[in-house]
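Asker: Sharing a structure with you now.
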Amino acid sequence: MKAYAAGGAVAFHTPAHKRGRGAHELLKNLITDEGLNEEVSLMYALDDPFHPTGCIMEAEALAADLYGADSAYFMANGTTEAIHVMMLASLNDGDEVILPRNAHRSIFAGLALTGAVPFYIEPVYDERMGVAMGVTPDCVKEAIENHPNAKAVILVYPTYYGVAYDLAGISKIVHEHGMILLVDEAHGAHLRFSDDLPADAILSGADLVAVSTHKLIGSLTQTSMLFRNGNRVPDDRIRRAQGLVASSSPNYLLLASLDIARLQMAADGNRMVGRAVRLSNESREAINDIEGLWCFGEQDIGYDGANSLDACKLTVNVTKTGHTGTGAERILRSEYHFEAELCDAYNVLFIISFADDEEIIKKLIDGLRDFSSRFRKKKAITETDVRELPRSEICLTPREAYFARSELIDFEKSVGRIAAEEITFYPPGIPVIYPGERITNEIKEYAAMMRRAGLKLTGTINPKLDSIRVVK
Ligand SMILES: Cc1ncc(COP(=O)(O)O)c(C=O)c1O
């Protein structure tokens, strides 16, 4: 890109801003002259992400090497794209797959795209935190024995809350049964760079791993890497799948940021992530010294389904301050200018990354101390109406329901009908109901409760959820 920009080529091609010459001042300020000068796509000298033979091939090989994988594939449309490619490369229409019901919505979209038939397993639920943890090897084994024809197991590892479980044990079971293991490691791009963090999915033996480089290490938002480990899914099938869903004009600033993030970690990742882990551990201790707050650590878990923890996720239980997680998050945002990663009924989750330092940590601790001292005399919330995600009956595959004839009806009157659209609250992005599942009274109440808790609704056409699209 730099060579192209420096070469003085006269641009007769897209993008029409022509290396920034025609760009609006606002865009120039945003991207900078240098960035716009290099904002080109699919030039002769810039290789082709769908059939890389030049600089992208080299960059992907370096990333694969850093992560200990056989190949890496750069994605410019998020881990959502990496997950769709992973599933389209491994699954055929009608293939059975085993996955936890609390998977991210991108995996459910992958089911609609592939036509795969899901069988759900239950994650372990920890009452103390009010949070779903990981899955156990026994639970996966039982599901495999009940569905011996399944093609793959898809897991989210670690969880959004940073909880890791025995993925190596699960990987062994999956492979012994001739199945493949696909892992959504959206929250694990940094794991490899500290021995004090849980082992990552490649090390644990997964076949394909979708990693959000943009979430936990330094590439731009919307960039992600897919890794192939072993030969159970062939490289050419992955490239073909990429050709199905990726833009034919990938943004090279985004792709370049993946290579730069890789470079940054290769050069100094152990020190940078090591510091983040140390700062996180110090923060966790300091938070646990604040009356009224509790931040769970590795000593609080260590059971099957929740074996270890990514220290960089600080899940702070705020119920003793008399606030729900969503209530506390609102106060912390408006009065302390803290933008947390997510909140749920009980907790607010803060991410500490390689970019943080002592000063930021001090701000966080001082702010939380002040917050708690203001509110801890209030009556603690001992219970909210938040429960585990209710089970739903699958009546149609996600694909059948997505393409079925449908109608829009009153949400109040939807009990008993089969959903044709999903209801998802963000965060955590886990569908409450997915196309093909029957809407029950419990699910209707659960969705209403999530709305009352102030979580952002996505997935339905109607943002207020007065109506919902159901199968005709
Ligand atoms: C567990 C999990 N998987 C997948 C994704 C999708 O990643 P992206 O937003 O990069 O498309 C997310 C995003 O939040 C996630 O939390």
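Letters A, B, ... go to the chains of the structure tokens in the order shown; residues in each chain start at 1; ligands are counted from 1 in the same order.
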Write out as a ChimeraX atom specification each polymer residue whose atoms come within 7 Å of region 123-140 of chain A, counting only C-alpha atoms; drop sequence neighbours fewer than 2 positions from it.
Answerer: /A:100,121,142-144,159,163-166,169-170,304-306,346
Asker: Can you work out which residues are within 8 Å of ligand 1, considering only C-alpha atoms and all ligand atoms, and then hand them over as a ChimeraX atom specification?
Answerer: /A:77-83,103-107,156-157,159-160,184-187,212,214-215,221-224,427-429
Asker: I need the chosen residues saved as a PDB file, in the first residue's frame, with N, CA and C atoms.
Answerer:
```pdb
ATOM      1  N   ASN A  77     -14.902  -8.324   7.708  1.00  0.00           N
ATOM      2  CA  ASN A  77     -16.289  -8.104   8.116  1.00  0.00           C
ATOM      3  C   ASN A  77     -16.594  -8.804   9.441  1.00  0.00           C
ATOM      4  N   GLY A  78     -15.643  -8.651  10.335  1.00  0.00           N
ATOM      5  CA  GLY A  78     -15.864  -9.095  11.705  1.00  0.00           C
ATOM      6  C   GLY A  78     -15.715 -10.581  11.923  1.00  0.00           C
ATOM      7  N   THR A  79     -15.819 -10.951  13.181  1.00  0.00           N
ATOM      8  CA  THR A  79     -15.811 -12.364  13.523  1.00  0.00           C
ATOM      9  C   THR A  79     -17.095 -13.000  13.029  1.00  0.00           C
ATOM     10  N   THR A  80     -18.102 -12.171  12.803  1.00  0.00           N
ATOM     11  CA  THR A  80     -19.322 -12.673  12.171  1.00  0.00           C
ATOM     12  C   THR A  80     -18.958 -13.316  10.833  1.00  0.00           C
ATOM     13  N   GLU A  81     -18.159 -12.648  10.033  1.00  0.00           N
ATOM     14  CA  GLU A  81     -17.748 -13.244   8.756  1.00  0.00           C
ATOM     15  C   GLU A  81     -16.913 -14.503   8.996  1.00  0.00           C
ATOM     16  N   ALA A  82     -15.975 -14.428   9.936  1.00  0.00           N
ATOM     17  CA  ALA A  82     -15.113 -15.593  10.205  1.00  0.00           C
ATOM     18  C   ALA A  82     -15.962 -16.801  10.611  1.00  0.00           C
ATOM     19  N   ILE A  83     -17.010 -16.545  11.401  1.00  0.00           N
ATOM     20  CA  ILE A  83     -17.880 -17.631  11.856  1.00  0.00           C
ATOM     21  C   ILE A  83     -18.693 -18.180  10.682  1.00  0.00           C
ATOM     22  N   ALA A 103     -25.165 -19.515  22.354  1.00  0.00           N
ATOM     23  CA  ALA A 103     -24.135 -19.051  21.408  1.00  0.00           C
ATOM     24  C   ALA A 103     -24.494 -17.663  20.868  1.00  0.00           C
ATOM     25  N   HIS A 104     -23.489 -17.009  20.285  1.00  0.00           N
ATOM     26  CA  HIS A 104     -23.694 -15.673  19.722  1.00  0.00           C
ATOM     27  C   HIS A 104     -24.578 -15.744  18.478  1.00  0.00           C
ATOM     28  N   ARG A 105     -25.284 -14.669  18.185  1.00  0.00           N
ATOM     29  CA  ARG A 105     -26.242 -14.675  17.065  1.00  0.00           C
ATOM     30  C   ARG A 105     -25.573 -14.954  15.714  1.00  0.00           C
ATOM     31  N   SER A 106     -24.281 -14.664  15.584  1.00  0.00           N
ATOM     32  CA  SER A 106     -23.600 -14.941  14.308  1.00  0.00           C
ATOM     33  C   SER A 106     -23.586 -16.448  14.025  1.00  0.00           C
ATOM     34  N   ILE A 107     -23.550 -17.259  15.073  1.00  0.00           N
ATOM     35  CA  ILE A 107     -23.577 -18.715  14.884  1.00  0.00           C
ATOM     36  C   ILE A 107     -24.975 -19.145  14.429  1.00  0.00           C
ATOM     37  N   VAL A 156     -18.373 -21.695  22.024  1.00  0.00           N
ATOM     38  CA  VAL A 156     -17.850 -20.345  22.262  1.00  0.00           C
ATOM     39  C   VAL A 156     -16.835 -20.477  23.397  1.00  0.00           C
ATOM     40  N   TYR A 157     -15.602 -20.065  23.132  1.00  0.00           N
ATOM     41  CA  TYR A 157     -14.524 -20.260  24.112  1.00  0.00           C
ATOM     42  C   TYR A 157     -13.508 -19.144  23.977  1.00  0.00           C
ATOM     43  N   THR A 159     -15.921 -17.728  27.299  1.00  0.00           N
ATOM     44  CA  THR A 159     -17.202 -17.028  27.242  1.00  0.00           C
ATOM     45  C   THR A 159     -16.953 -15.515  27.240  1.00  0.00           C
ATOM     46  N   TYR A 160     -17.998 -14.764  26.986  1.00  0.00           N
ATOM     47  CA  TYR A 160     -17.886 -13.294  27.009  1.00  0.00           C
ATOM     48  C   TYR A 160     -17.294 -12.829  28.345  1.00  0.00           C
ATOM     49  N   ASP A 184     -15.765 -20.465  18.294  1.00  0.00           N
ATOM     50  CA  ASP A 184     -15.901 -19.012  18.258  1.00  0.00           C
ATOM     51  C   ASP A 184     -15.041 -18.483  19.405  1.00  0.00           C
ATOM     52  N   GLU A 185     -13.841 -18.017  19.046  1.00  0.00           N
ATOM     53  CA  GLU A 185     -12.933 -17.477  20.068  1.00  0.00           C
ATOM     54  C   GLU A 185     -12.881 -15.950  19.939  1.00  0.00           C
ATOM     55  N   ALA A 186     -14.069 -15.375  19.816  1.00  0.00           N
ATOM     56  CA  ALA A 186     -14.160 -13.921  19.652  1.00  0.00           C
ATOM     57  C   ALA A 186     -13.409 -13.193  20.767  1.00  0.00           C
ATOM     58  N   HIS A 187     -13.384 -13.799  21.954  1.00  0.00           N
ATOM     59  CA  HIS A 187     -12.785 -13.092  23.099  1.00  0.00           C
ATOM     60  C   HIS A 187     -11.445 -13.677  23.511  1.00  0.00           C
ATOM     61  N   SER A 212     -11.497 -12.769  17.225  1.00  0.00           N
ATOM     62  CA  SER A 212     -11.722 -11.322  17.055  1.00  0.00           C
ATOM     63  C   SER A 212     -10.445 -10.564  17.353  1.00  0.00           C
ATOM     64  N   HIS A 214      -9.836  -7.715  16.549  1.00  0.00           N
ATOM     65  CA  HIS A 214     -10.193  -6.333  16.906  1.00  0.00           C
ATOM     66  C   HIS A 214     -10.674  -6.195  18.341  1.00  0.00           C
ATOM     67  N   LYS A 215     -11.078  -7.295  18.965  1.00  0.00           N
ATOM     68  CA  LYS A 215     -11.648  -7.121  20.308  1.00  0.00           C
ATOM     69  C   LYS A 215     -10.564  -7.047  21.388  1.00  0.00           C
ATOM     70  N   THR A 221     -11.648  -2.159  14.427  1.00  0.00           N
ATOM     71  CA  THR A 221     -12.956  -2.787  14.590  1.00  0.00           C
ATOM     72  C   THR A 221     -13.409  -3.359  13.255  1.00  0.00           C
ATOM     73  N   GLN A 222     -13.988  -4.549  13.319  1.00  0.00           N
ATOM     74  CA  GLN A 222     -14.507  -5.245  12.143  1.00  0.00           C
ATOM     75  C   GLN A 222     -13.471  -6.178  11.508  1.00  0.00           C
ATOM     76  N   THR A 223     -12.285  -6.285  12.121  1.00  0.00           N
ATOM     77  CA  THR A 223     -11.303  -7.206  11.542  1.00  0.00           C
ATOM     78  C   THR A 223     -11.174  -8.450  12.411  1.00  0.00           C
ATOM     79  N   SER A 224     -10.872  -9.524  11.769  1.00  0.00           N
ATOM     80  CA  SER A 224     -10.887 -10.801  12.460  1.00  0.00           C
ATOM     81  C   SER A 224     -10.002 -11.784  11.711  1.00  0.00           C
ATOM     82  N   PRO A 427     -25.642  -6.002  24.874  1.00  0.00           N
ATOM     83  CA  PRO A 427     -25.062  -7.314  24.939  1.00  0.00           C
ATOM     84  C   PRO A 427     -25.980  -8.258  25.721  1.00  0.00           C
ATOM     85  N   PRO A 428     -25.783  -9.534  25.687  1.00  0.00           N
ATOM     86  CA  PRO A 428     -24.609 -10.248  25.182  1.00  0.00           C
ATOM     87  C   PRO A 428     -24.779 -10.774  23.763  1.00  0.00           C
ATOM     88  N   GLY A 429     -25.861 -10.455  23.070  1.00  0.00           N
ATOM     89  CA  GLY A 429     -25.990 -10.917  21.686  1.00  0.00           C
ATOM     90  C   GLY A 429     -26.411 -12.369  21.568  1.00  0.00           C
TER      91      GLY A 429
END
```
Asker: Take CA of Ala266 (chain A) and CA of Met225 (chain A) and report the distance between them in Å, one decimal.
Answerer: 15.3 Å
Asker: Neighbours of Leu253 (chain A) within 10 Å (only C-alpha atoms; same-chain residues fewer than 5 positions away dropped), as a ChimeraX atom specification?
Answerer: /A:1,31,35-36,38-41,76,219-220,258
Asker: Using DSSP secondary structure from the backbone, list all strand (DSSP E) positions within region 246-389 of chain A, as a list of chain:residue names.
Answerer: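 Strand (DSSP E) assignments inside region 246-389 of chain A correspond to A:Trp294, A:Cys295, A:Ser308, A:Leu309, A:Lys313, A:Leu314, A:Thr315, A:Val316, A:Asn317, A:Leu342, A:Cys343, A:Asn347, A:Val348, A:Leu349, A:Phe350, A:Ile351.
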